[in-house]
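Enquirer: Please find model_25.txt (compact mmCIF, N, CA, C and O atoms) on the next line:
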# COMPACT_ATOMS: atom_id res chain seq x y z
N MET A 13 14.05 -1.16 3.47
CA MET A 13 12.62 -1.37 3.49
C MET A 13 12.06 -1.10 4.89
O MET A 13 11.01 -0.50 5.01
N ASN A 14 12.77 -1.55 5.91
CA ASN A 14 12.27 -1.35 7.28
C ASN A 14 12.13 0.12 7.63
O ASN A 14 11.24 0.49 8.40
N GLU A 15 13.01 0.97 7.08
CA GLU A 15 12.90 2.39 7.40
C GLU A 15 11.62 2.99 6.83
O GLU A 15 11.03 3.88 7.42
N PHE A 16 11.15 2.47 5.68
CA PHE A 16 9.88 2.93 5.12
C PHE A 16 8.71 2.51 6.00
O PHE A 16 7.77 3.26 6.22
N LEU A 17 8.77 1.28 6.49
CA LEU A 17 7.70 0.80 7.38
C LEU A 17 7.64 1.64 8.64
O LEU A 17 6.56 2.07 9.06
N GLN A 18 8.79 1.89 9.23
CA GLN A 18 8.83 2.68 10.47
C GLN A 18 8.38 4.11 10.20
O GLN A 18 7.68 4.71 11.02
N LEU A 19 8.75 4.67 9.07
CA LEU A 19 8.33 6.02 8.69
C LEU A 19 6.80 6.12 8.65
O LEU A 19 6.21 7.06 9.18
N ALA A 20 6.16 5.13 8.04
CA ALA A 20 4.69 5.13 7.95
C ALA A 20 4.06 5.03 9.34
O ALA A 20 3.11 5.76 9.65
N LEU A 21 4.57 4.15 10.17
CA LEU A 21 4.01 3.98 11.51
C LEU A 21 4.20 5.24 12.35
O LEU A 21 3.28 5.67 13.06
N ASP A 22 5.37 5.85 12.25
CA ASP A 22 5.63 7.08 13.00
C ASP A 22 4.72 8.21 12.54
O ASP A 22 4.19 8.98 13.35
N GLU A 23 4.53 8.33 11.22
CA GLU A 23 3.67 9.39 10.69
C GLU A 23 2.21 9.17 11.10
O GLU A 23 1.52 10.12 11.48
N ALA A 24 1.75 7.93 11.06
CA ALA A 24 0.37 7.65 11.48
C ALA A 24 0.18 8.00 12.95
O ALA A 24 -0.84 8.62 13.32
N THR A 25 1.13 7.66 13.78
CA THR A 25 1.04 8.00 15.20
C THR A 25 1.04 9.52 15.38
O THR A 25 0.24 10.05 16.16
N ARG A 26 1.90 10.21 14.66
CA ARG A 26 1.97 11.67 14.74
C ARG A 26 0.64 12.31 14.34
O ARG A 26 0.22 13.33 14.90
N LEU A 27 -0.07 11.68 13.42
CA LEU A 27 -1.34 12.21 12.94
C LEU A 27 -2.54 11.77 13.78
O LEU A 27 -3.68 12.03 13.42
N GLY A 28 -2.29 11.08 14.88
CA GLY A 28 -3.36 10.74 15.81
C GLY A 28 -3.94 9.35 15.68
O GLY A 28 -4.96 9.05 16.28
N ALA A 29 -3.30 8.48 14.92
CA ALA A 29 -3.82 7.11 14.77
C ALA A 29 -3.56 6.33 16.06
O ALA A 29 -2.46 6.35 16.61
N SER A 30 -4.59 5.64 16.51
CA SER A 30 -4.42 4.77 17.68
C SER A 30 -3.94 3.38 17.24
O SER A 30 -3.50 2.58 18.07
N TYR A 31 -4.01 3.11 15.94
CA TYR A 31 -3.55 1.84 15.37
C TYR A 31 -3.11 2.11 13.94
O TYR A 31 -3.72 2.92 13.23
N ALA A 32 -2.07 1.42 13.51
CA ALA A 32 -1.64 1.51 12.11
C ALA A 32 -0.89 0.23 11.74
O ALA A 32 -0.20 -0.35 12.59
N ASP A 33 -1.07 -0.21 10.52
CA ASP A 33 -0.24 -1.30 10.00
C ASP A 33 0.09 -1.02 8.54
O ASP A 33 -0.62 -0.28 7.86
N VAL A 34 1.20 -1.57 8.11
CA VAL A 34 1.67 -1.40 6.74
C VAL A 34 1.92 -2.77 6.17
O VAL A 34 2.54 -3.62 6.82
N ARG A 35 1.45 -3.00 4.96
CA ARG A 35 1.67 -4.28 4.29
C ARG A 35 2.33 -4.01 2.94
O ARG A 35 1.90 -3.13 2.20
N ILE A 36 3.34 -4.78 2.68
CA ILE A 36 4.04 -4.68 1.41
C ILE A 36 3.72 -5.94 0.60
O ILE A 36 3.75 -7.04 1.13
N ALA A 37 3.43 -5.74 -0.67
CA ALA A 37 3.10 -6.87 -1.54
C ALA A 37 3.99 -6.81 -2.79
O ALA A 37 4.14 -5.76 -3.39
N ARG A 38 4.56 -7.94 -3.11
CA ARG A 38 5.35 -8.05 -4.34
C ARG A 38 4.71 -9.13 -5.20
O ARG A 38 4.45 -10.24 -4.73
N TYR A 39 4.43 -8.79 -6.43
CA TYR A 39 3.79 -9.72 -7.35
C TYR A 39 4.74 -10.02 -8.51
O TYR A 39 5.33 -9.11 -9.09
N GLN A 40 4.87 -11.28 -8.81
CA GLN A 40 5.67 -11.71 -9.95
C GLN A 40 4.75 -12.46 -10.90
O GLN A 40 3.97 -13.31 -10.47
N ARG A 41 4.86 -12.14 -12.18
CA ARG A 41 3.97 -12.74 -13.17
C ARG A 41 4.79 -13.11 -14.41
O ARG A 41 5.66 -12.34 -14.83
N GLN A 42 4.51 -14.26 -14.94
CA GLN A 42 5.20 -14.69 -16.15
C GLN A 42 4.16 -15.14 -17.16
O GLN A 42 3.27 -15.92 -16.84
N GLN A 43 4.29 -14.64 -18.38
CA GLN A 43 3.39 -15.02 -19.45
C GLN A 43 4.20 -15.70 -20.54
O GLN A 43 5.26 -15.22 -20.94
N ILE A 44 3.67 -16.81 -21.00
CA ILE A 44 4.31 -17.56 -22.08
C ILE A 44 3.27 -17.77 -23.18
O ILE A 44 2.16 -18.24 -22.91
N ALA A 45 3.64 -17.41 -24.40
CA ALA A 45 2.76 -17.62 -25.54
C ALA A 45 3.45 -18.57 -26.52
O ALA A 45 4.67 -18.51 -26.69
N SER A 46 2.66 -19.43 -27.10
CA SER A 46 3.25 -20.36 -28.07
C SER A 46 2.52 -20.24 -29.41
O SER A 46 1.36 -19.86 -29.48
N GLU A 47 3.27 -20.60 -30.44
CA GLU A 47 2.73 -20.55 -31.78
C GLU A 47 3.42 -21.66 -32.58
O GLU A 47 4.65 -21.76 -32.58
N ASP A 48 2.65 -22.50 -33.20
CA ASP A 48 3.21 -23.62 -33.97
C ASP A 48 4.18 -24.46 -33.13
O ASP A 48 5.29 -24.77 -33.54
N GLU A 49 3.75 -24.78 -31.92
CA GLU A 49 4.52 -25.60 -30.98
C GLU A 49 5.87 -24.99 -30.61
O GLU A 49 6.80 -25.69 -30.20
N ARG A 50 5.98 -23.69 -30.71
CA ARG A 50 7.19 -22.98 -30.30
C ARG A 50 6.79 -21.82 -29.40
O ARG A 50 5.73 -21.22 -29.56
N ILE A 51 7.68 -21.50 -28.50
CA ILE A 51 7.44 -20.33 -27.65
C ILE A 51 7.65 -19.09 -28.50
O ILE A 51 8.73 -18.89 -29.06
N SER A 52 6.61 -18.28 -28.59
CA SER A 52 6.71 -17.06 -29.41
C SER A 52 6.94 -15.81 -28.57
O SER A 52 7.40 -14.80 -29.07
N ARG A 53 6.60 -15.91 -27.30
CA ARG A 53 6.79 -14.75 -26.42
C ARG A 53 6.92 -15.23 -24.99
O ARG A 53 6.18 -16.09 -24.53
N LEU A 54 7.86 -14.64 -24.29
CA LEU A 54 8.07 -14.90 -22.87
C LEU A 54 8.20 -13.55 -22.20
O LEU A 54 9.04 -12.74 -22.59
N GLN A 55 7.34 -13.29 -21.22
CA GLN A 55 7.34 -11.97 -20.58
C GLN A 55 7.28 -12.13 -19.07
O GLN A 55 6.44 -12.86 -18.54
N ASP A 56 8.19 -11.45 -18.37
CA ASP A 56 8.20 -11.42 -16.91
C ASP A 56 7.79 -10.04 -16.43
O ASP A 56 8.23 -9.03 -17.00
N GLN A 57 6.96 -10.00 -15.42
CA GLN A 57 6.56 -8.74 -14.80
C GLN A 57 6.74 -8.84 -13.30
O GLN A 57 6.46 -9.88 -12.70
N ASP A 58 7.21 -7.78 -12.73
CA ASP A 58 7.45 -7.72 -11.30
C ASP A 58 6.90 -6.38 -10.81
O ASP A 58 7.19 -5.34 -11.40
N SER A 59 6.06 -6.41 -9.79
CA SER A 59 5.52 -5.15 -9.25
C SER A 59 5.57 -5.18 -7.73
O SER A 59 5.51 -6.24 -7.11
N LEU A 60 5.68 -4.00 -7.17
CA LEU A 60 5.79 -3.84 -5.73
C LEU A 60 4.81 -2.76 -5.30
O LEU A 60 4.70 -1.72 -5.97
N GLY A 61 4.10 -2.98 -4.23
CA GLY A 61 3.17 -2.00 -3.72
C GLY A 61 3.02 -2.14 -2.22
O GLY A 61 3.58 -3.05 -1.60
N PHE A 62 2.27 -1.23 -1.63
CA PHE A 62 2.06 -1.26 -0.18
C PHE A 62 0.71 -0.66 0.16
O PHE A 62 0.13 0.09 -0.62
N GLY A 63 0.21 -1.03 1.32
CA GLY A 63 -1.03 -0.48 1.83
C GLY A 63 -0.86 -0.08 3.28
O GLY A 63 -0.09 -0.69 4.02
N VAL A 64 -1.55 0.96 3.69
CA VAL A 64 -1.51 1.46 5.07
C VAL A 64 -2.94 1.47 5.60
O VAL A 64 -3.83 2.04 4.98
N ARG A 65 -3.15 0.81 6.73
CA ARG A 65 -4.44 0.85 7.44
C ARG A 65 -4.24 1.61 8.73
O ARG A 65 -3.24 1.42 9.43
N THR A 66 -5.21 2.46 9.07
CA THR A 66 -5.14 3.23 10.31
C THR A 66 -6.49 3.24 10.99
O THR A 66 -7.53 3.05 10.35
N ILE A 67 -6.45 3.50 12.28
CA ILE A 67 -7.67 3.83 13.03
C ILE A 67 -7.44 5.20 13.65
O ILE A 67 -6.46 5.40 14.38
N VAL A 68 -8.33 6.13 13.32
CA VAL A 68 -8.29 7.48 13.89
C VAL A 68 -9.69 7.78 14.40
O VAL A 68 -10.67 7.60 13.69
N ASN A 69 -9.78 8.19 15.63
CA ASN A 69 -11.08 8.50 16.26
C ASN A 69 -12.04 7.31 16.16
O ASN A 69 -13.24 7.48 15.95
N GLY A 70 -11.51 6.11 16.23
CA GLY A 70 -12.34 4.91 16.23
C GLY A 70 -12.79 4.42 14.87
O GLY A 70 -13.57 3.49 14.78
N ALA A 71 -12.32 5.05 13.79
CA ALA A 71 -12.74 4.65 12.44
C ALA A 71 -11.53 4.23 11.61
O ALA A 71 -10.43 4.75 11.79
N TRP A 72 -11.77 3.31 10.69
CA TRP A 72 -10.72 2.78 9.82
C TRP A 72 -10.49 3.67 8.61
O TRP A 72 -11.42 4.23 8.05
N GLY A 73 -9.23 3.71 8.18
CA GLY A 73 -8.87 4.34 6.92
C GLY A 73 -7.87 3.44 6.21
O GLY A 73 -7.08 2.75 6.86
N PHE A 74 -7.91 3.45 4.89
CA PHE A 74 -6.98 2.64 4.11
C PHE A 74 -6.59 3.39 2.86
O PHE A 74 -7.42 4.05 2.23
N ALA A 75 -5.32 3.27 2.50
CA ALA A 75 -4.83 3.81 1.23
C ALA A 75 -3.65 2.95 0.78
O ALA A 75 -3.00 2.30 1.60
N SER A 76 -3.40 2.94 -0.52
CA SER A 76 -2.30 2.14 -1.04
C SER A 76 -1.55 2.89 -2.13
O SER A 76 -2.07 3.83 -2.72
N GLY A 77 -0.32 2.46 -2.35
CA GLY A 77 0.53 3.09 -3.36
C GLY A 77 1.43 2.08 -4.02
O GLY A 77 1.59 0.96 -3.54
N GLY A 78 2.05 2.51 -5.09
CA GLY A 78 2.90 1.61 -5.86
C GLY A 78 4.33 2.05 -5.99
O GLY A 78 5.11 1.41 -6.68
N ARG A 79 4.71 3.14 -5.34
CA ARG A 79 6.10 3.59 -5.38
C ARG A 79 6.66 3.56 -3.97
O ARG A 79 6.08 4.15 -3.06
N MET A 80 7.78 2.91 -3.81
CA MET A 80 8.40 2.79 -2.48
C MET A 80 9.46 3.87 -2.32
O MET A 80 10.65 3.63 -2.53
N ASN A 81 9.00 5.08 -1.96
CA ASN A 81 9.94 6.15 -1.64
C ASN A 81 9.35 6.96 -0.49
O ASN A 81 8.16 6.83 -0.17
N ARG A 82 10.16 7.77 0.12
CA ARG A 82 9.77 8.51 1.32
C ARG A 82 8.51 9.36 1.09
O ARG A 82 7.59 9.34 1.90
N GLU A 83 8.48 10.10 0.01
CA GLU A 83 7.36 11.00 -0.25
C GLU A 83 6.05 10.23 -0.41
O GLU A 83 5.00 10.63 0.09
N GLU A 84 6.12 9.11 -1.14
CA GLU A 84 4.91 8.31 -1.36
C GLU A 84 4.43 7.64 -0.08
O GLU A 84 3.23 7.59 0.20
N ILE A 85 5.35 7.15 0.72
CA ILE A 85 4.99 6.54 2.02
C ILE A 85 4.26 7.57 2.88
O ILE A 85 3.20 7.29 3.46
N LEU A 86 4.80 8.78 2.97
CA LEU A 86 4.17 9.82 3.78
C LEU A 86 2.82 10.23 3.21
O LEU A 86 1.84 10.38 3.94
N ARG A 87 2.73 10.38 1.89
CA ARG A 87 1.46 10.77 1.26
C ARG A 87 0.37 9.75 1.50
O ARG A 87 -0.76 10.08 1.89
N ILE A 88 0.69 8.49 1.32
CA ILE A 88 -0.30 7.42 1.49
C ILE A 88 -0.71 7.29 2.95
O ILE A 88 -1.89 7.08 3.26
N THR A 89 0.23 7.43 3.86
CA THR A 89 -0.09 7.36 5.29
C THR A 89 -1.02 8.50 5.68
O THR A 89 -2.01 8.30 6.40
N ARG A 90 -0.73 9.69 5.20
CA ARG A 90 -1.61 10.84 5.48
C ARG A 90 -3.00 10.63 4.90
O ARG A 90 -4.01 10.95 5.53
N LEU A 91 -3.05 10.07 3.70
CA LEU A 91 -4.34 9.79 3.07
C LEU A 91 -5.14 8.77 3.88
O LEU A 91 -6.35 8.96 4.10
N ALA A 92 -4.50 7.72 4.36
CA ALA A 92 -5.19 6.71 5.19
C ALA A 92 -5.75 7.36 6.46
O ALA A 92 -6.88 7.07 6.87
N CYS A 93 -4.97 8.24 7.07
CA CYS A 93 -5.44 8.93 8.28
C CYS A 93 -6.58 9.89 7.96
O CYS A 93 -7.56 9.98 8.72
N ASP A 94 -6.49 10.59 6.83
CA ASP A 94 -7.58 11.49 6.41
C ASP A 94 -8.87 10.72 6.16
O ASP A 94 -9.96 11.17 6.54
N ILE A 95 -8.76 9.57 5.53
CA ILE A 95 -9.94 8.75 5.25
C ILE A 95 -10.56 8.26 6.56
O ILE A 95 -11.78 8.28 6.73
N ALA A 96 -9.73 7.84 7.51
CA ALA A 96 -10.24 7.39 8.81
C ALA A 96 -10.94 8.55 9.52
O ALA A 96 -12.04 8.37 10.07
N ARG A 97 -10.33 9.72 9.50
CA ARG A 97 -10.92 10.89 10.15
C ARG A 97 -12.26 11.24 9.51
O ARG A 97 -13.24 11.55 10.20
N ALA A 98 -12.33 11.17 8.20
CA ALA A 98 -13.59 11.45 7.49
C ALA A 98 -14.64 10.40 7.83
O ALA A 98 -15.81 10.73 8.04
N SER A 99 -14.24 9.15 7.92
CA SER A 99 -15.19 8.07 8.28
C SER A 99 -15.73 8.28 9.68
O SER A 99 -16.91 8.02 9.95
N ALA A 100 -14.88 8.75 10.57
CA ALA A 100 -15.31 8.98 11.97
C ALA A 100 -16.32 10.10 12.07
O ALA A 100 -17.10 10.15 13.02
N SER A 101 -16.31 11.01 11.09
CA SER A 101 -17.22 12.16 11.16
C SER A 101 -18.61 11.85 10.57
O SER A 101 -19.51 12.69 10.64
N LEU A 102 -18.79 10.67 9.99
CA LEU A 102 -20.07 10.33 9.39
C LEU A 102 -21.15 10.13 10.45
O LEU A 102 -20.87 9.61 11.54
N PRO A 103 -22.38 10.51 10.15
CA PRO A 103 -23.47 10.29 11.09
C PRO A 103 -23.60 8.79 11.39
O PRO A 103 -23.48 7.95 10.51
N GLY A 104 -23.83 8.48 12.62
CA GLY A 104 -24.04 7.10 13.02
C GLY A 104 -22.76 6.37 13.41
O GLY A 104 -22.82 5.24 13.87
N HIS A 105 -21.62 7.02 13.21
CA HIS A 105 -20.37 6.35 13.60
C HIS A 105 -20.25 6.33 15.11
O HIS A 105 -20.49 7.31 15.78
N ARG A 106 -19.90 5.17 15.64
CA ARG A 106 -19.67 5.03 17.08
C ARG A 106 -18.22 4.64 17.31
O ARG A 106 -17.79 3.58 16.83
N PRO A 107 -17.44 5.46 17.99
CA PRO A 107 -16.04 5.12 18.25
C PRO A 107 -15.87 3.91 19.14
O PRO A 107 -16.69 3.51 19.87
The structure in this file should be written as structure tokens.
Expert:
Amino acid sequence: MNEFLQLALDEATRLGASYADVRIARYQRQQIASEDERISRLQDQDSLGFGVRTIVNGAWGFASGGRMNREEILRITRLACDIARASASLPGHRP
């Protein structure tokens, strides 16, 4: 997991981000249904995702993904940097 975090930070820096952070979130959910005082269904769900925040040219960018692999980490990091770059180009933005 740490190698994915470092990969995102390195890519953001390479793309010109003056700041970057990566957050990983894991959600666990359990649903229980009952019928006639008996458990009729028991369901467990587990999901993993991450978000990347960057600052490029003084503007924030954010993107998130749900697959923890090298390609997705790089894609989402690039997207966060692209969004920050686009935000910085808006009229009225002050770095």
Enquirer: Taking into account only C-alpha atoms, which residue in the set A:Ala92, A:Leu27, A:Ile36, A:Leu19 is nearest to Arg79 (chain A)?
Expert: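 Between A:Ala92, A:Leu27, A:Ile36, A:Leu19, the residue approaching Arg79 (chain A) most closely is A:Ile36.
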Enquirer: Determine which residues of region 14-103 of chain A DSSP labels as strand (DSSP E or B) from the backbone of this structure, then write them out as JSON, numbers by chain.
Expert: {"A": [31, 32, 33, 34, 35, 36, 37, 38, 39, 40, 41, 42, 43, 44, 45, 46, 47, 50, 51, 52, 53, 54, 55, 56, 57, 58, 59, 60, 61, 62, 63, 64, 65, 66, 67, 68, 71, 72, 73, 74, 75, 76, 77]}
Enquirer: If the box runs along x, y and z of the file and leaves 4 Å on each side of region 39-42 of chain A, what are its centre and edge lengths in Å, one decimal, as lines of an AutoDock Vina configuration file?
Expert:
center_x = 4.5
center_y = -12.4
center_z = -11.8
size_x = 10.4
size_y = 15.1
size_z = 18.7
Enquirer: Of the residues A:Leu102, A:Leu86, A:Trp72, A:Met13, which is the one nearest to Leu60 (chain A), using only C-alpha atoms?
Expert: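 Result for the nearest residue to Leu60 (chain A): A:Met13.
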Enquirer: Would you mind listing what lies within 6 Å of region 73-77 of chain A as JSON, numbers by chain, with only N, CA, C and O atoms counted and same-chain residues fewer than 3 positions away left out?
Expert: {"A": [60, 61, 62, 63, 64, 65, 66, 67, 68, 88, 91, 92, 93, 95, 96]}
Enquirer: Considering only C-alpha atoms, state which residue in the set A:Ser59, A:Thr89, A:Asn69, A:Asn81 is at the smallest distance from His105 (chain A).
Expert: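 The answer is A:Asn69, which sits nearest to His105 (chain A).
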Enquirer: Run DSSP on the backbone and tell me which residues of chain A come out as alpha helix (DSSP H); list them as a PyMOL selection string.
Expert: chain A and resi 14-26+82-100
Enquirer: Just the number, please: distance in Å from atom O of Gln57 (chain A) to atom C of Tyr39 (chain A), one decimal.
Expert: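 So the answer is 4.5 Å.
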Enquirer: Quick one: of A:Asp58, A:Arg82, A:Leu17, A:Ala71, who's nearest to Arg35 (chain A), counting all atoms listed in the file?
Expert: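 Looking at the shortest contact to Arg35 (chain A), the residue is A:Leu17.
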Enquirer: Using Å and a single decimal, report how far CA of Ala100 (chain A) sits from CA of Met80 (chain A).
Expert: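 We find that CA of Met80 (chain A) and CA of Ala100 (chain A) lie 28.4 Å from each other.
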Enquirer: Just checking: using all atoms listed in the file, which residue out of A:Asp48, A:Ser99, A:Ile85, A:Gly70 ends up closest to Glu23 (chain A)?
Expert: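 Comparing A:Asp48, A:Ser99, A:Ile85, A:Gly70 against Glu23 (chain A), the winner is A:Ile85.
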Enquirer: Of the residues A:Ala20, A:Asp56, A:Thr25, A:Arg87, which is the one nearest to Gln40 (chain A), using all atoms listed in the file?
Expert: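 Selected residue with least distance to Gln40 (chain A): A:Asp56.
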Enquirer: At a cut-off of 6 Å from (4.1, -16.4, -21.9) in the coordinates of the file, what residues are picked up using only C-alpha atoms, written as a list in words?
Expert: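 Neighbouring residues, ordered by chain and number, come to Gln43, Ile44, Ala45, Arg53, Leu54 and Gln55 of chain A.
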Enquirer: Just write the chosen residues, N, CA, C and O atoms, as a CSV table (one decimal), in the frame of the given file.
Expert:
chain,number,residue,atom,x,y,z
A,43,GLN,N,4.3,-14.6,-18.4
A,43,GLN,CA,3.4,-15.0,-19.4
A,43,GLN,C,4.2,-15.7,-20.5
A,43,GLN,O,5.3,-15.2,-20.9
A,44,ILE,N,3.7,-16.8,-21.0
A,44,ILE,CA,4.3,-17.6,-22.1
A,44,ILE,C,3.3,-17.8,-23.2
A,44,ILE,O,2.2,-18.2,-22.9
A,45,ALA,N,3.6,-17.4,-24.4
A,45,ALA,CA,2.8,-17.6,-25.5
A,45,ALA,C,3.4,-18.6,-26.5
A,45,ALA,O,4.7,-18.5,-26.7
A,53,ARG,N,6.6,-15.9,-27.3
A,53,ARG,CA,6.8,-14.8,-26.4
A,53,ARG,C,6.9,-15.2,-25.0
A,53,ARG,O,6.2,-16.1,-24.5
A,54,LEU,N,7.9,-14.6,-24.3
A,54,LEU,CA,8.1,-14.9,-22.9
A,54,LEU,C,8.2,-13.6,-22.2
A,54,LEU,O,9.0,-12.7,-22.6
A,55,GLN,N,7.3,-13.3,-21.2
A,55,GLN,CA,7.3,-12.0,-20.6
A,55,GLN,C,7.3,-12.1,-19.1
A,55,GLN,O,6.4,-12.9,-18.5
Enquirer: How far is it from CA of Arg97 (chain A) to CA of Arg38 (chain A), in Å with one decimal?
Expert: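 These two atoms are separated by 28.9 Å.
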Enquirer: Complete the atom set of region 57-66 of chain A to all heavy atoms and return it as a PDB file, in the coordinates of the input.
Expert:
ATOM      1  N   GLN A  57       6.960 -10.000 -15.420  1.00  0.00           N
ATOM      2  CA  GLN A  57       6.560  -8.740 -14.800  1.00  0.00           C
ATOM      3  C   GLN A  57       6.740  -8.840 -13.300  1.00  0.00           C
ATOM      4  O   GLN A  57       6.460  -9.880 -12.700  1.00  0.00           O
ATOM      5  CB  GLN A  57       5.097  -8.418 -15.102  1.00  0.00           C
ATOM      6  CG  GLN A  57       4.824  -8.092 -16.542  1.00  0.00           C
ATOM      7  CD  GLN A  57       3.351  -7.824 -16.779  1.00  0.00           C
ATOM      8  OE1 GLN A  57       2.499  -8.442 -16.159  1.00  0.00           O
ATOM      9  NE2 GLN A  57       3.066  -6.889 -17.669  1.00  0.00           N
ATOM     10  N   ASP A  58       7.210  -7.780 -12.730  1.00  0.00           N
ATOM     11  CA  ASP A  58       7.450  -7.720 -11.300  1.00  0.00           C
ATOM     12  C   ASP A  58       6.900  -6.380 -10.810  1.00  0.00           C
ATOM     13  O   ASP A  58       7.190  -5.340 -11.400  1.00  0.00           O
ATOM     14  CB  ASP A  58       8.957  -7.785 -11.053  1.00  0.00           C
ATOM     15  CG  ASP A  58       9.315  -8.139  -9.634  1.00  0.00           C
ATOM     16  OD1 ASP A  58       8.468  -8.674  -8.913  1.00  0.00           O
ATOM     17  OD2 ASP A  58      10.470  -7.869  -9.251  1.00  0.00           O
ATOM     18  N   SER A  59       6.060  -6.410  -9.790  1.00  0.00           N
ATOM     19  CA  SER A  59       5.520  -5.150  -9.250  1.00  0.00           C
ATOM     20  C   SER A  59       5.570  -5.180  -7.730  1.00  0.00           C
ATOM     21  O   SER A  59       5.510  -6.240  -7.110  1.00  0.00           O
ATOM     22  CB  SER A  59       4.105  -4.897  -9.749  1.00  0.00           C
ATOM     23  OG  SER A  59       3.233  -5.900  -9.301  1.00  0.00           O
ATOM     24  N   LEU A  60       5.680  -4.000  -7.170  1.00  0.00           N
ATOM     25  CA  LEU A  60       5.790  -3.840  -5.730  1.00  0.00           C
ATOM     26  C   LEU A  60       4.810  -2.760  -5.300  1.00  0.00           C
ATOM     27  O   LEU A  60       4.700  -1.720  -5.970  1.00  0.00           O
ATOM     28  CB  LEU A  60       7.224  -3.430  -5.367  1.00  0.00           C
ATOM     29  CG  LEU A  60       7.584  -3.310  -3.904  1.00  0.00           C
ATOM     30  CD1 LEU A  60       7.557  -4.682  -3.233  1.00  0.00           C
ATOM     31  CD2 LEU A  60       8.974  -2.713  -3.760  1.00  0.00           C
ATOM     32  N   GLY A  61       4.100  -2.980  -4.230  1.00  0.00           N
ATOM     33  CA  GLY A  61       3.170  -2.000  -3.720  1.00  0.00           C
ATOM     34  C   GLY A  61       3.020  -2.140  -2.220  1.00  0.00           C
ATOM     35  O   GLY A  61       3.580  -3.050  -1.600  1.00  0.00           O
ATOM     36  N   PHE A  62       2.270  -1.230  -1.630  1.00  0.00           N
ATOM     37  CA  PHE A  62       2.060  -1.260  -0.180  1.00  0.00           C
ATOM     38  C   PHE A  62       0.710  -0.660   0.160  1.00  0.00           C
ATOM     39  O   PHE A  62       0.130   0.090  -0.620  1.00  0.00           O
ATOM     40  CB  PHE A  62       3.189  -0.526   0.556  1.00  0.00           C
ATOM     41  CG  PHE A  62       3.158   0.965   0.350  1.00  0.00           C
ATOM     42  CD1 PHE A  62       2.582   1.792   1.306  1.00  0.00           C
ATOM     43  CD2 PHE A  62       3.685   1.537  -0.791  1.00  0.00           C
ATOM     44  CE1 PHE A  62       2.545   3.160   1.114  1.00  0.00           C
ATOM     45  CE2 PHE A  62       3.661   2.901  -0.994  1.00  0.00           C
ATOM     46  CZ  PHE A  62       3.085   3.719  -0.039  1.00  0.00           C
ATOM     47  N   GLY A  63       0.210  -1.030   1.320  1.00  0.00           N
ATOM     48  CA  GLY A  63      -1.030  -0.480   1.830  1.00  0.00           C
ATOM     49  C   GLY A  63      -0.860  -0.080   3.280  1.00  0.00           C
ATOM     50  O   GLY A  63      -0.090  -0.690   4.020  1.00  0.00           O
ATOM     51  N   VAL A  64      -1.550   0.960   3.690  1.00  0.00           N
ATOM     52  CA  VAL A  64      -1.510   1.460   5.070  1.00  0.00           C
ATOM     53  C   VAL A  64      -2.940   1.470   5.600  1.00  0.00           C
ATOM     54  O   VAL A  64      -3.830   2.040   4.980  1.00  0.00           O
ATOM     55  CB  VAL A  64      -0.908   2.876   5.156  1.00  0.00           C
ATOM     56  CG1 VAL A  64      -0.902   3.381   6.589  1.00  0.00           C
ATOM     57  CG2 VAL A  64       0.495   2.920   4.559  1.00  0.00           C
ATOM     58  N   ARG A  65      -3.150   0.810   6.730  1.00  0.00           N
ATOM     59  CA  ARG A  65      -4.440   0.850   7.440  1.00  0.00           C
ATOM     60  C   ARG A  65      -4.240   1.610   8.730  1.00  0.00           C
ATOM     61  O   ARG A  65      -3.240   1.420   9.430  1.00  0.00           O
ATOM     62  CB  ARG A  65      -4.940  -0.549   7.777  1.00  0.00           C
ATOM     63  CG  ARG A  65      -5.344  -1.363   6.600  1.00  0.00           C
ATOM     64  CD  ARG A  65      -6.030  -2.644   6.992  1.00  0.00           C
ATOM     65  NE  ARG A  65      -5.283  -3.401   7.997  1.00  0.00           N
ATOM     66  CZ  ARG A  65      -5.728  -4.490   8.607  1.00  0.00           C
ATOM     67  NH1 ARG A  65      -6.933  -4.948   8.330  1.00  0.00           N
ATOM     68  NH2 ARG A  65      -4.987  -5.130   9.479  1.00  0.00           N
ATOM     69  N   THR A  66      -5.210   2.460   9.070  1.00  0.00           N
ATOM     70  CA  THR A  66      -5.140   3.230  10.310  1.00  0.00           C
ATOM     71  C   THR A  66      -6.490   3.240  10.990  1.00  0.00           C
ATOM     72  O   THR A  66      -7.530   3.050  10.350  1.00  0.00           O
ATOM     73  CB  THR A  66      -4.705   4.688  10.044  1.00  0.00           C
ATOM     74  OG1 THR A  66      -5.669   5.314   9.211  1.00  0.00           O
ATOM     75  CG2 THR A  66      -3.325   4.762   9.400  1.00  0.00           C
TER      76      THR A  66
END
